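This is structure_36.cif. It holds mmCIF, C-alpha atoms.
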```
data_upload
#
loop_
_atom_site.group_PDB
_atom_site.id
_atom_site.type_symbol
_atom_site.label_atom_id
_atom_site.label_comp_id
_atom_site.auth_asym_id
_atom_site.auth_seq_id
_atom_site.Cartn_x
_atom_site.Cartn_y
_atom_site.Cartn_z
ATOM 1 C CA MET A 997 80.769 87.454 80.443
ATOM 2 C CA SER A 998 79.402 88.539 77.072
ATOM 3 C CA THR A 999 80.145 91.994 75.688
ATOM 4 C CA LEU A 1000 76.465 92.945 75.991
ATOM 5 C CA VAL A 1001 76.175 91.830 79.619
ATOM 6 C CA ARG A 1002 79.422 93.610 80.468
ATOM 7 C CA ALA A 1003 78.158 96.802 78.818
ATOM 8 C CA MET A 1004 74.857 96.642 80.706
ATOM 9 C CA SER A 1005 76.676 96.225 84.023
ATOM 10 C CA LYS A 1006 77.976 99.797 83.839
ATOM 11 C CA PHE A 1007 76.166 103.064 83.342
ATOM 12 C CA ARG A 1008 76.771 106.749 83.975
ATOM 13 C CA LEU A 1009 74.767 108.595 86.608
ATOM 14 C CA ALA A 1010 74.523 112.382 86.817
ATOM 15 C CA VAL A 1011 73.422 114.321 89.880
ATOM 16 C CA VAL A 1012 72.309 117.904 89.261
ATOM 17 C CA GLN A 1013 72.880 120.335 92.136
ATOM 18 C CA LEU A 1014 70.622 123.134 90.938
ATOM 19 C CA HIS A 1015 70.571 126.744 92.094
ATOM 20 C CA VAL A 1016 66.885 127.248 92.937
ATOM 21 C CA THR A 1017 65.309 130.715 92.930
ATOM 22 C CA ASN A 1018 61.826 132.012 93.635
ATOM 23 C CA VAL A 1019 61.144 132.271 89.873
ATOM 24 C CA LYS A 1020 59.727 128.920 88.761
ATOM 25 C CA ALA A 1021 60.303 129.542 85.043
ATOM 26 C CA ASP A 1022 64.002 130.186 85.677
ATOM 27 C CA ASN A 1023 64.307 127.001 87.729
ATOM 28 C CA LEU A 1024 62.712 124.941 84.972
ATOM 29 C CA SER A 1025 64.869 126.527 82.273
ATOM 30 C CA ARG A 1026 68.066 125.965 84.230
ATOM 31 C CA ALA A 1027 67.124 122.364 85.020
ATOM 32 C CA ARG A 1028 66.361 121.659 81.355
ATOM 33 C CA ARG A 1029 69.779 123.019 80.353
ATOM 34 C CA LEU A 1030 71.670 120.974 82.946
ATOM 35 C CA ILE A 1031 69.789 117.775 82.080
ATOM 36 C CA LYS A 1032 70.886 118.251 78.477
ATOM 37 C CA GLU A 1033 74.454 118.926 79.615
ATOM 38 C CA ALA A 1034 74.458 115.724 81.678
ATOM 39 C CA ALA A 1035 73.120 113.640 78.807
ATOM 40 C CA GLY A 1036 75.725 115.151 76.504
ATOM 41 C CA LYS A 1037 78.414 113.726 78.779
ATOM 42 C CA GLY A 1038 77.030 110.220 78.487
ATOM 43 C CA SER A 1039 74.685 110.059 81.463
ATOM 44 C CA GLN A 1040 71.879 107.524 81.202
ATOM 45 C CA VAL A 1041 70.273 108.298 84.565
ATOM 46 C CA VAL A 1042 69.921 111.909 85.766
ATOM 47 C CA VAL A 1043 68.791 113.000 89.237
ATOM 48 C CA LEU A 1044 67.468 116.466 90.171
ATOM 49 C CA PRO A 1045 67.264 117.911 93.709
ATOM 50 C CA GLU A 1046 64.372 118.101 96.147
ATOM 51 C CA CYS A 1047 62.072 121.068 95.424
ATOM 52 C CA PHE A 1048 63.928 121.888 92.219
ATOM 53 C CA ASN A 1049 61.125 124.132 90.935
ATOM 54 C CA SER A 1050 60.378 125.937 94.194
ATOM 55 C CA PRO A 1051 62.058 127.474 97.225
ATOM 56 C CA TYR A 1052 61.954 125.029 100.127
ATOM 57 C CA GLY A 1053 59.585 126.057 102.899
ATOM 58 C CA THR A 1054 56.072 125.460 104.171
ATOM 59 C CA SER A 1055 55.002 128.953 103.075
ATOM 60 C CA PHE A 1056 56.130 128.229 99.497
ATOM 61 C CA PHE A 1057 54.559 124.785 99.013
ATOM 62 C CA PRO A 1058 50.956 125.994 98.459
ATOM 63 C CA GLU A 1059 52.077 128.793 96.130
ATOM 64 C CA TYR A 1060 54.247 126.610 93.901
ATOM 65 C CA ALA A 1061 52.177 123.419 94.020
ATOM 66 C CA GLU A 1062 51.060 121.815 90.760
ATOM 67 C CA ARG A 1063 48.977 118.900 89.724
ATOM 68 C CA ILE A 1064 50.631 116.059 87.829
ATOM 69 C CA PRO A 1065 50.710 116.415 84.865
ATOM 70 C CA GLY A 1066 51.519 120.114 85.029
ATOM 71 C CA GLU A 1067 54.058 122.720 83.984
ATOM 72 C CA SER A 1068 57.081 121.215 85.749
ATOM 73 C CA THR A 1069 56.365 117.579 84.874
ATOM 74 C CA GLN A 1070 55.783 118.579 81.247
ATOM 75 C CA MET A 1071 59.332 119.936 81.151
ATOM 76 C CA LEU A 1072 60.642 116.774 82.798
ATOM 77 C CA SER A 1073 58.818 114.539 80.336
ATOM 78 C CA GLU A 1074 60.134 116.500 77.370
ATOM 79 C CA SER A 1075 63.699 116.548 78.705
ATOM 80 C CA ALA A 1076 63.722 112.805 79.408
ATOM 81 C CA LYS A 1077 62.502 112.084 75.880
ATOM 82 C CA GLU A 1078 64.710 114.618 74.100
ATOM 83 C CA ASN A 1079 67.824 113.377 75.870
ATOM 84 C CA GLU A 1080 66.816 109.683 76.061
ATOM 85 C CA VAL A 1081 67.545 109.402 79.789
ATOM 86 C CA TYR A 1082 65.896 108.044 82.891
ATOM 87 C CA LEU A 1083 65.080 111.231 84.764
ATOM 88 C CA VAL A 1084 64.503 111.309 88.519
ATOM 89 C CA GLY A 1085 62.690 114.613 88.766
ATOM 90 C CA GLY A 1086 63.916 115.649 92.198
ATOM 91 C CA SER A 1087 60.699 116.711 93.856
ATOM 92 C CA ILE A 1088 57.966 119.276 93.422
ATOM 93 C CA PRO A 1089 55.090 120.385 95.632
ATOM 94 C CA GLU A 1090 52.135 118.405 94.257
ATOM 95 C CA GLU A 1091 48.452 119.227 94.740
ATOM 96 C CA ASP A 1092 45.999 116.359 94.543
ATOM 97 C CA GLY A 1093 42.506 116.128 95.994
ATOM 98 C CA GLY A 1094 42.920 119.169 98.164
ATOM 99 C CA LYS A 1095 46.129 117.845 99.739
ATOM 100 C CA LEU A 1096 49.758 118.798 99.160
ATOM 101 C CA TYR A 1097 52.591 116.281 98.789
ATOM 102 C CA ASN A 1098 56.359 116.473 98.339
ATOM 103 C CA THR A 1099 56.537 114.333 95.204
ATOM 104 C CA CYS A 1100 59.321 112.887 93.061
ATOM 105 C CA PRO A 1101 58.192 112.052 89.508
ATOM 106 C CA VAL A 1102 60.365 109.681 87.462
ATOM 107 C CA PHE A 1103 60.298 109.664 83.660
ATOM 108 C CA GLY A 1104 61.648 107.141 81.179
ATOM 109 C CA PRO A 1105 63.566 107.780 77.935
ATOM 110 C CA ASP A 1106 60.246 107.726 76.067
ATOM 111 C CA GLY A 1107 58.997 110.652 78.152
ATOM 112 C CA GLY A 1108 56.463 108.514 80.007
ATOM 113 C CA LEU A 1109 55.809 108.878 83.732
ATOM 114 C CA MET A 1110 57.174 105.712 85.375
ATOM 115 C CA LEU A 1111 56.210 106.525 88.952
ATOM 116 C CA LYS A 1112 55.729 109.300 91.459
ATOM 117 C CA HIS A 1113 57.124 108.909 94.954
ATOM 118 C CA ARG A 1114 55.376 110.946 97.605
ATOM 119 C CA LYS A 1115 57.704 111.623 100.538
ATOM 120 C CA ILE A 1116 56.813 109.031 103.158
ATOM 121 C CA HIS A 1117 58.418 110.565 106.236
ATOM 122 C CA LEU A 1118 57.664 114.250 106.745
ATOM 123 C CA PHE A 1119 60.451 116.495 107.998
ATOM 124 C CA ASP A 1120 59.229 117.554 111.445
ATOM 125 C CA ILE A 1121 62.198 118.372 113.663
ATOM 126 C CA ASP A 1122 63.086 120.754 116.474
ATOM 127 C CA VAL A 1123 66.749 121.250 117.389
ATOM 128 C CA PRO A 1124 66.665 123.995 120.065
ATOM 129 C CA GLY A 1125 68.639 127.081 119.131
ATOM 130 C CA LYS A 1126 69.392 125.780 115.643
ATOM 131 C CA ILE A 1127 66.416 124.744 113.518
ATOM 132 C CA ARG A 1128 62.725 123.990 113.756
ATOM 133 C CA PHE A 1129 60.830 122.814 110.679
ATOM 134 C CA GLN A 1130 57.415 121.190 110.348
ATOM 135 C CA GLU A 1131 56.549 119.892 106.875
ATOM 136 C CA SER A 1132 53.314 118.494 108.293
ATOM 137 C CA GLU A 1133 52.009 122.044 108.670
ATOM 138 C CA THR A 1134 51.192 121.968 104.955
ATOM 139 C CA LEU A 1135 52.137 118.553 103.525
ATOM 140 C CA SER A 1136 50.583 115.101 103.706
ATOM 141 C CA PRO A 1137 52.749 111.944 103.706
ATOM 142 C CA GLY A 1138 52.909 109.387 100.926
ATOM 143 C CA SER A 1139 51.991 105.798 101.638
ATOM 144 C CA SER A 1140 53.879 103.591 99.186
ATOM 145 C CA LEU A 1141 57.345 102.369 98.293
ATOM 146 C CA SER A 1142 58.679 103.423 94.893
ATOM 147 C CA VAL A 1143 60.856 101.261 92.647
ATOM 148 C CA PHE A 1144 61.493 101.614 88.925
ATOM 149 C CA GLU A 1145 63.381 99.413 86.506
ATOM 150 C CA THR A 1146 66.045 100.343 83.994
ATOM 151 C CA PRO A 1147 67.964 98.063 81.612
ATOM 152 C CA PHE A 1148 70.805 98.282 84.130
ATOM 153 C CA CYS A 1149 69.193 97.719 87.524
ATOM 154 C CA LYS A 1150 66.235 98.428 89.756
ATOM 155 C CA VAL A 1151 66.241 101.818 91.472
ATOM 156 C CA GLY A 1152 64.588 102.709 94.788
ATOM 157 C CA VAL A 1153 63.418 106.273 95.424
ATOM 158 C CA GLY A 1154 63.215 108.260 98.645
ATOM 159 C CA ILE A 1155 63.123 111.969 99.432
ATOM 160 C CA CYS A 1156 65.441 113.623 101.960
ATOM 161 C CA TYR A 1157 64.122 112.674 105.423
ATOM 162 C CA ASP A 1158 63.212 109.221 104.037
ATOM 163 C CA MET A 1159 66.955 108.514 104.055
ATOM 164 C CA ARG A 1160 67.051 108.506 107.865
ATOM 165 C CA PHE A 1161 64.869 105.403 107.948
ATOM 166 C CA ALA A 1162 67.076 102.357 107.433
ATOM 167 C CA GLU A 1163 64.064 100.069 107.046
ATOM 168 C CA LEU A 1164 63.059 101.736 103.769
ATOM 169 C CA ALA A 1165 66.492 101.148 102.258
ATOM 170 C CA GLN A 1166 66.435 97.535 103.483
ATOM 171 C CA LEU A 1167 63.077 96.964 101.822
ATOM 172 C CA TYR A 1168 64.338 98.437 98.559
ATOM 173 C CA SER A 1169 67.370 96.157 98.748
ATOM 174 C CA LYS A 1170 65.101 93.145 99.347
ATOM 175 C CA LYS A 1171 63.156 94.150 96.235
ATOM 176 C CA GLY A 1172 66.380 93.905 94.232
ATOM 177 C CA CYS A 1173 67.392 97.560 94.015
ATOM 178 C CA GLN A 1174 71.082 98.163 93.413
ATOM 179 C CA LEU A 1175 70.841 101.958 93.361
ATOM 180 C CA LEU A 1176 68.975 104.168 95.830
ATOM 181 C CA VAL A 1177 68.328 107.813 94.970
ATOM 182 C CA TYR A 1178 67.383 110.483 97.489
ATOM 183 C CA PRO A 1179 66.698 114.007 96.261
ATOM 184 C CA GLY A 1180 67.182 115.964 99.471
ATOM 185 C CA ALA A 1181 67.753 119.353 101.045
ATOM 186 C CA PHE A 1182 69.553 118.960 104.348
ATOM 187 C CA ASN A 1183 70.271 122.255 106.106
ATOM 188 C CA MET A 1184 73.291 123.888 107.698
ATOM 189 C CA THR A 1185 72.694 122.048 110.989
ATOM 190 C CA THR A 1186 71.895 118.504 109.851
ATOM 191 C CA GLY A 1187 73.948 118.687 106.653
ATOM 192 C CA PRO A 1188 77.469 118.766 108.062
ATOM 193 C CA ALA A 1189 76.503 116.349 110.847
ATOM 194 C CA HIS A 1190 74.520 113.645 109.063
ATOM 195 C CA TRP A 1191 74.244 114.061 105.253
ATOM 196 C CA GLU A 1192 77.272 112.023 104.183
ATOM 197 C CA LEU A 1193 77.090 109.689 107.184
ATOM 198 C CA LEU A 1194 73.538 108.587 106.348
ATOM 199 C CA GLN A 1195 74.372 107.973 102.697
ATOM 200 C CA ARG A 1196 77.404 105.884 103.544
ATOM 201 C CA GLY A 1197 75.390 103.962 106.128
ATOM 202 C CA ARG A 1198 72.568 103.129 103.702
ATOM 203 C CA ALA A 1199 75.102 102.095 101.035
ATOM 204 C CA LEU A 1200 77.175 99.968 103.386
ATOM 205 C CA ASP A 1201 74.260 98.278 105.180
ATOM 206 C CA ASN A 1202 72.648 97.203 101.925
ATOM 207 C CA GLN A 1203 75.693 96.955 99.642
ATOM 208 C CA VAL A 1204 74.134 99.302 97.092
ATOM 209 C CA TYR A 1205 75.001 102.565 95.372
ATOM 210 C CA VAL A 1206 73.393 105.634 96.946
ATOM 211 C CA ALA A 1207 72.984 108.998 95.206
ATOM 212 C CA THR A 1208 71.711 112.238 96.713
ATOM 213 C CA ALA A 1209 70.797 115.452 94.911
ATOM 214 C CA SER A 1210 70.639 118.694 96.888
ATOM 215 C CA PRO A 1211 69.824 122.211 95.768
ATOM 216 C CA ALA A 1212 72.879 124.442 95.606
ATOM 217 C CA ARG A 1213 73.453 126.579 98.672
ATOM 218 C CA ASP A 1214 71.900 130.055 98.684
ATOM 219 C CA GLU A 1215 72.881 132.002 101.778
ATOM 220 C CA THR A 1216 70.095 134.523 101.117
ATOM 221 C CA ALA A 1217 67.302 131.926 101.151
ATOM 222 C CA SER A 1218 64.976 131.475 104.126
ATOM 223 C CA TYR A 1219 66.054 127.807 104.208
ATOM 224 C CA VAL A 1220 69.753 127.354 103.426
ATOM 225 C CA ALA A 1221 70.586 123.974 101.870
ATOM 226 C CA TRP A 1222 73.860 122.236 102.680
ATOM 227 C CA GLY A 1223 74.537 121.153 99.079
ATOM 228 C CA HIS A 1224 77.261 118.516 98.676
ATOM 229 C CA SER A 1225 75.268 116.210 96.381
ATOM 230 C CA THR A 1226 76.999 112.846 96.594
ATOM 231 C CA VAL A 1227 77.333 109.343 95.160
ATOM 232 C CA VAL A 1228 78.493 106.497 97.428
ATOM 233 C CA ASN A 1229 79.488 102.996 96.318
ATOM 234 C CA PRO A 1230 78.585 99.647 97.961
ATOM 235 C CA TRP A 1231 81.860 99.681 99.923
ATOM 236 C CA GLY A 1232 80.694 102.892 101.600
ATOM 237 C CA GLU A 1233 83.150 105.113 99.734
ATOM 238 C CA VAL A 1234 82.249 108.545 98.383
ATOM 239 C CA ILE A 1235 83.028 108.344 94.674
ATOM 240 C CA SER A 1236 81.630 111.706 93.585
ATOM 241 C CA LYS A 1237 80.648 114.857 95.464
ATOM 242 C CA ALA A 1238 79.748 118.456 94.712
ATOM 243 C CA GLU A 1239 80.692 121.409 96.874
ATOM 244 C CA SER A 1240 78.033 124.010 97.746
ATOM 245 C CA GLU A 1241 77.578 125.797 94.405
ATOM 246 C CA GLU A 1242 75.546 124.778 91.345
ATOM 247 C CA ALA A 1243 77.178 121.807 89.626
ATOM 248 C CA VAL A 1244 76.614 118.505 87.867
ATOM 249 C CA VAL A 1245 78.557 115.576 89.312
ATOM 250 C CA TYR A 1246 79.005 112.234 87.608
ATOM 251 C CA ALA A 1247 79.603 108.662 88.705
ATOM 252 C CA ASP A 1248 80.078 105.489 86.705
ATOM 253 C CA ILE A 1249 77.916 102.841 88.370
ATOM 254 C CA ASP A 1250 79.577 99.428 88.157
ATOM 255 C CA LEU A 1251 77.176 96.600 88.958
ATOM 256 C CA GLN A 1252 79.892 93.970 88.607
ATOM 257 C CA TYR A 1253 81.780 95.744 91.394
ATOM 258 C CA LEU A 1254 78.588 95.667 93.461
ATOM 259 C CA SER A 1255 78.314 91.928 92.841
ATOM 260 C CA ASP A 1256 81.949 91.433 93.853
ATOM 261 C CA VAL A 1257 81.425 93.308 97.134
ATOM 262 C CA ARG A 1258 78.387 91.170 97.946
ATOM 263 C CA GLN A 1259 80.362 88.004 97.206
ATOM 264 C CA GLN A 1260 83.308 89.074 99.360
ATOM 265 C CA ILE A 1261 81.146 90.034 102.349
ATOM 266 C CA PRO A 1262 77.945 87.973 101.890
ATOM 267 C CA ILE A 1263 75.745 89.601 104.526
ATOM 268 C CA THR A 1264 72.536 88.925 102.598
ATOM 269 C CA ALA A 1265 73.049 85.159 102.806
ATOM 270 C CA GLN A 1266 74.218 85.446 106.402
ATOM 271 C CA ARG A 1267 71.192 87.322 107.757
ATOM 272 C CA ARG A 1268 69.382 85.432 110.515
ATOM 273 C CA SER A 1269 65.855 85.496 109.126
ATOM 274 C CA ASP A 1270 64.961 82.948 111.781
ATOM 275 C CA LEU A 1271 65.570 85.677 114.376
ATOM 276 C CA TYR A 1272 64.565 88.953 112.715
ATOM 277 C CA SER A 1273 63.138 90.459 109.545
ATOM 278 C CA VAL A 1274 62.076 93.755 107.967
ATOM 279 C CA ASN A 1275 58.909 93.475 105.867
ATOM 280 C CA ALA A 1276 56.562 95.873 104.123
ATOM 281 C CA VAL A 1277 53.093 96.019 105.660
ATOM 282 C CA HIS A 1278 51.473 96.470 102.247
ATOM 283 C CA GLU A 1279 53.222 94.916 99.275
ATOM 284 C CA ASP A 1280 52.820 96.878 96.034
#
```
In structure tokens, what does this structure look like?
Amino acid sequence: MSTLVRAMSKFRLAVVQLHVTNVKADNLSRARRLIKEAAGKGSQVVVLPECFNSPYGTSFFPEYAERIPGESTQMLSESAKENEVYLVGGSIPEEDGGKLYNTCPVFGPDGGLMLKHRKIHLFDIDVPGKIRFQESETLSPGSSLSVFETPFCKVGVGICYDMRFAELAQLYSKKGCQLLVYPGAFNMTTGPAHWELLQRGRALDNQVYVATASPARDETASYVAWGHSTVVNPWGEVISKAESEEAVVYADIDLQYLSDVRQQIPITAQRRSDLYSVNAVHED
């Protein structure tokens, strides 16, 4: 293996677990600072949490919603360019054509918008006595898969509840993604029960790296996030994890290790496509 190929097979990923307040300007300022901190420690890909510019809640989405481009994406574009990183901009409430979306914008090191992923699966749940939440009260769902390319690997993007749908991760894997990123805000009911389990499942099933970015926990908020932003490797092991407070966690993504895992347990070649398949209805 040449020195160049070996160098390109590893890169540093940073996951920012941001403390989100009800003051948008403070959220943007804090995010900008932590993106710079992450880049200063050698990160080439940086991931922000779901709703990083806004409190999470159906009553907040209309108030904090922006068009793209707008105030929050301007900051993201500038930060990506200034720090020369691929920046997965968590998510923001986006207004477009009279509809609201939960949208993850991704920017390249040149500051250009590479894609925007609108959350496909809306978070509508009802766990009696614990939590009821209906994103569909204010949000509309996205309708496309979202993949972007880096010099290291392809990256598939989902938002929070998207992670529960194994088919999406399988489709991203079929498209050649070796890293899946899910900005997300699980709560104090689903977080301890499912947050890590789902990440390890998606990583193990598809032999990919999985990274999640949660807001930091704020016990005074109307919606309390679980935190515990995490990176999982293709063997299903947690290799980096935050606690509940604001933090930046790092992981060195090793694509040669990913290749080794796939060679040792070659499930892709062993799949019985003559018996079953998972396919996108509309190919991008």
On this structure, the PyMOL selection byres ((chain A and resi 1072) around 12) would catch which residues? List them as JSON, numbers by chain, sorted by chain and number. {"A": [1023, 1024, 1025, 1026, 1027, 1028, 1029, 1030, 1031, 1032, 1042, 1043, 1044, 1048, 1049, 1064, 1065, 1066, 1067, 1068, 1069, 1070, 1071, 1073, 1074, 1075, 1076, 1077, 1078, 1079, 1080, 1081, 1082, 1083, 1084, 1085, 1086, 1087, 1088, 1100, 1101, 1102, 1103, 1104, 1105, 1106, 1107, 1108, 1109, 1110]}
Given the file shown, determine the residues that the PyMOL selection byres ((chain A and resi 1255) around 12) selects; report them as a ChimeraX atom specification. /A:1005-1006,1174,1202-1205,1229-1231,1249-1254,1256-1262,1264
Which residues come within 12 Å of A:Ala1276, counting only C-alpha atoms, excluding same-chain residues fewer than 3 positions away, as JSON, numbers by chain? {"A": [1139, 1140, 1141, 1163, 1164, 1165, 1166, 1167, 1168, 1170, 1171, 1273, 1279, 1280]}
Selected by the PyMOL selection byres ((chain A and resi 1142-1157) around 7) in the shown coordinates: which residues, as JSON, numbers by chain? {"A": [1004, 1005, 1110, 1113, 1115, 1117, 1118, 1119, 1140, 1141, 1158, 1159, 1160, 1168, 1172, 1173, 1174, 1175, 1176, 1177, 1178, 1179, 1180, 1181]}
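The gap separating atom CA of A:Thr1186 from atom CA of A:Ala1217 is 16.6 Å, in Å to one decimal.
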Dump as a short mmCIF file (atom, residue, chain, number, x, y, z; two decimals) with C-alpha atoms, keeping the file's coordinate frame all residues having an atom at most 6 Å from (74.9, 109.0, 90.2), computed in the file's coordinates with only C-alpha atoms.
```cif
data_model
loop_
_atom_site.label_atom_id
_atom_site.label_comp_id
_atom_site.auth_asym_id
_atom_site.auth_seq_id
_atom_site.Cartn_x
_atom_site.Cartn_y
_atom_site.Cartn_z
CA LEU A 1009 74.77 108.60 86.61
CA ALA A 1010 74.52 112.38 86.82
CA VAL A 1011 73.42 114.32 89.88
CA ALA A 1207 72.98 109.00 95.21
CA VAL A 1227 77.33 109.34 95.16
CA TYR A 1246 79.00 112.23 87.61
CA ALA A 1247 79.60 108.66 88.70
#
```
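Atom pair atom CA of A:Phe1161 / atom CA of A:Glu1242 has a distance of 27.7 Å (rounded to one decimal).
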Could you write out as lines of an AutoDock Vina configuration file the box around stretch 1193-1199 of chain A (axis-aligned, all atoms listed in the file, 6 Å on each side), with centre and edge lengths in Å to one decimal?
```
center_x = 75.0
center_y = 105.9
center_z = 104.1
size_x = 16.8
size_y = 19.6
size_z = 18.1
```
Atomic separation - atom CA of A:Arg1198 relative to atom CA of A:Leu1096, Å: 28.0 Å
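Counting all atoms listed in the file, the residue from A:Asn1098, A:Thr1216, A:Ser1132, A:Gln1195 that sits nearest to A:Glu1233 is A:Gln1195.
Closest approach to A:Ala1035 from the set A:Gln1130, A:Tyr1052, A:Val1012, A:Pro1211 is made by A:Val1012, with distances taken over all atoms listed in the file.
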Write out as a list in words the residues lying within 7 Å of A:Ala1061, counting all atoms listed in the file and excluding same-chain residues fewer than 4 positions away. Phe1057, Pro1089, Glu1090 and Glu1091 of chain A
From the list A:Arg1128, A:Arg1196, A:His1278, A:Arg1008, the nearest residue to A:Thr1226 using only C-alpha atoms is A:Arg1196
Calculated over only C-alpha atoms, which of the candidates A:Ala1265, A:Leu1200, A:Val1220, A:Ala1162 has the smallest distance to A:Ile1127? A:Val1220
Given all atoms listed in the file as the basis, pick out the residue of A:Val1277, A:Gln1266, A:Thr1208, A:Pro1051 nearest to A:Ala1238. A:Thr1208
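Across A:His1224, A:Lys1095, A:Lys1112, A:Arg1267, the tightest approach to A:Pro1058 is made by A:Lys1095 when counting all atoms listed in the file.
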Please identify all polymer residues within 8 Å of A:Arg1213, counting all atoms listed in the file, omitting same-chain residues fewer than 3 positions from it, and present them as a list in words. His1015, Val1220, Ala1221, Trp1222, Gly1223, Ser1240, Glu1241 and Glu1242 of chain A
